[in-house]
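To start, the structure under review is shown below, and the notes come after it.
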Amino acid sequence: MNYLQTERVGCKERNMSEEKTDSQCVIVYLHYVNEQNLGSCPQVKILIGSHQYSGVLDTGCEVSILLEQLYNELKLNGFESLELPTQNVVLFGAFSGKAHRIRKQVFLTLKFGDIHIDQIFLVSEQLLTPMLTGYYFCIANGIILDFLKGKLILKHDAESTEREIMNR
């Protein structure tokens with residue numbers, strides 16, 4: 001099930017505060033089938049700092065995205081991370097049809113037991129789940145999704161761990 005698709009195009013942005021022409025921009029489309037199906041998507045528990053969160057695993061998604069509300073909650077709880085601005089990244093919601101510019105990305109350390117993984121997330125106010133991890137995250141960390149056993153197997157460097165897939 002694809003939730004997100006990105007494409008790099010020469011574009012002219014419309015209905016935004018500033019217009020850009022003849023430049024490369026990244027357009028990100030969210031394609032949730034509907035909100036009711038979100039609960040049945042494969043998810044895994046992820047530790048950020050000392051708090052546990054649920055993240056949707058989407059192998060059809062090129063990038064990882066974090067809900068802005070979750071990011072603000074992390075900051076309120078004293079969690080510090082590297083925050084970087086973005087340029088020319090636009091998010092389109094499948095239901096609203098409105099364009100939302102992604103203005104920042106954050107560098108977070110995710111914990112899976114003894115394994116710590118550094119990951120960059122785009123921060124969006126328009127996301128139906130707190131966190132979405134994408135294809136490149138899965139590839140870079142040797143993730144195997146075993147739906148028959150309901151396990152996520154993570155092979156990072158010389159270490160390996162298994163996590164239960166929720167909502168399988």
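As shown in the structure tokens, the chain order sets the letters A, B, ...; within each chain, residues go from 1, and ligands are also counted from 1 in the order they appear.
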message: List as an NGL selection string the protein and nucleic acid residues near range 101-109 of chain A, meaning an atom at most 10 Å away when only C-alpha atoms are counted, but skip any in the same chain fewer than 4 places from it.
response: :A and (16-17 or 26-28 or 47-49 or 64-66 or 68 or 71 or 79-92 or 115-126)
message: Give me, as a ChimeraX atom specification, the residues of range 66-154 of chain A that a backbone DSSP run labels strand (DSSP E or B).
response: /A:66-67,82-85,89-92,99-101,104-112,115-124,131-133,144-146,151-154
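Ranking A:Leu154, A:Leu127, A:Leu57, A:Met166 by their shortest atom-to-atom distance to Ala140 in chain A, with only C-alpha atoms included, puts A:Leu154 first.
We find CA of Leu70 in chain A and CA of Pro42 in chain A to be spaced 19.3 Å apart.
Atom pair CA of Asp157 in chain A / CA of Cys61 in chain A has a distance of 23.1 Å (rounded to one decimal).
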field: Residue among A:Phe112, A:Tyr135, A:Tyr53, A:Phe147 lying closest to Thr161 in chain A, counting only C-alpha atoms
entry: A:Phe112
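Using only C-alpha atoms, the nearest neighbour of Thr133 in chain A within the list A:Leu110, A:Ala99, A:Ala158, A:Leu76 is A:Leu110.
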Select from range 21-167 of chain A everything DSSP, run on the backbone, classes as alpha helix (DSSP H), then give the selection as a JSON list (two decimals) with N, CA and C atoms, in the first residue's frame.
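After the write, result31.json holds the following:
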```json
[["chain", "number", "residue", "atom", "x", "y", "z"],
["A", 68, "GLU", "N", 4.32, 17.20, 12.98],
["A", 68, "GLU", "CA", 4.83, 18.39, 13.68],
["A", 68, "GLU", "C", 4.41, 18.40, 15.15],
["A", 69, "GLN", "N", 3.21, 17.94, 15.44],
["A", 69, "GLN", "CA", 2.73, 17.87, 16.83],
["A", 69, "GLN", "C", 3.62, 16.96, 17.67],
["A", 70, "LEU", "N", 4.06, 15.83, 17.13],
["A", 70, "LEU", "CA", 4.96, 14.93, 17.84],
["A", 70, "LEU", "C", 6.32, 15.60, 18.04],
["A", 71, "TYR", "N", 6.81, 16.28, 17.02],
["A", 71, "TYR", "CA", 8.10, 16.96, 17.15],
["A", 71, "TYR", "C", 8.04, 18.03, 18.24],
["A", 72, "ASN", "N", 6.96, 18.79, 18.28],
["A", 72, "ASN", "CA", 6.80, 19.81, 19.32],
["A", 72, "ASN", "C", 6.72, 19.17, 20.71],
["A", 73, "GLU", "N", 6.05, 18.03, 20.81],
["A", 73, "GLU", "CA", 5.97, 17.29, 22.07],
["A", 73, "GLU", "C", 7.37, 16.84, 22.53],
["A", 74, "LEU", "N", 8.16, 16.35, 21.58],
["A", 74, "LEU", "CA", 9.52, 15.92, 21.91],
["A", 74, "LEU", "C", 10.33, 17.11, 22.45],
["A", 75, "LYS", "N", 10.21, 18.26, 21.80],
["A", 75, "LYS", "CA", 10.94, 19.45, 22.26],
["A", 75, "LYS", "C", 10.48, 19.89, 23.64],
["A", 76, "LEU", "N", 9.16, 19.83, 23.90],
["A", 76, "LEU", "CA", 8.64, 20.20, 25.23],
["A", 76, "LEU", "C", 9.16, 19.28, 26.33],
["A", 135, "TYR", "N", 11.08, 3.74, 2.61],
["A", 135, "TYR", "CA", 11.86, 2.76, 1.88],
["A", 135, "TYR", "C", 13.36, 2.86, 2.17],
["A", 136, "TYR", "N", 13.91, 4.06, 2.07],
["A", 136, "TYR", "CA", 15.35, 4.22, 2.25],
["A", 136, "TYR", "C", 15.78, 3.92, 3.68],
["A", 137, "PHE", "N", 14.92, 4.19, 4.64],
["A", 137, "PHE", "CA", 15.18, 3.81, 6.03],
["A", 137, "PHE", "C", 15.29, 2.28, 6.12],
["A", 138, "CYS", "N", 14.35, 1.59, 5.48],
["A", 138, "CYS", "CA", 14.33, 0.12, 5.51],
["A", 138, "CYS", "C", 15.57, -0.46, 4.83],
["A", 139, "ILE", "N", 15.94, 0.06, 3.68],
["A", 139, "ILE", "CA", 17.10, -0.42, 2.94],
["A", 139, "ILE", "C", 18.39, -0.16, 3.71],
["A", 140, "ALA", "N", 18.56, 1.06, 4.20],
["A", 140, "ALA", "CA", 19.79, 1.44, 4.90],
["A", 140, "ALA", "C", 20.03, 0.63, 6.17]]
```
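Each of A:Gly78, A:Lys149, A:Thr129, A:Leu67 was checked against Ser40 in chain A using only C-alpha atoms; the smallest atom-to-atom distance is that of A:Thr129.
Nearest to Thr59 in chain A of all the residues A:Ser160, A:Gly113, A:Ile46, A:Ile144 is A:Ile144, based on only C-alpha atoms.
Among the candidates A:Leu152, A:Leu145, A:Val44, A:Ile165, the residue lying nearest to Pro130 in chain A is A:Val44 (atoms considered: only C-alpha atoms).
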field: Å distance separating CA of Leu128 in chain A from CA of His51 in chain A, one decimal place
entry: 19.6 Å
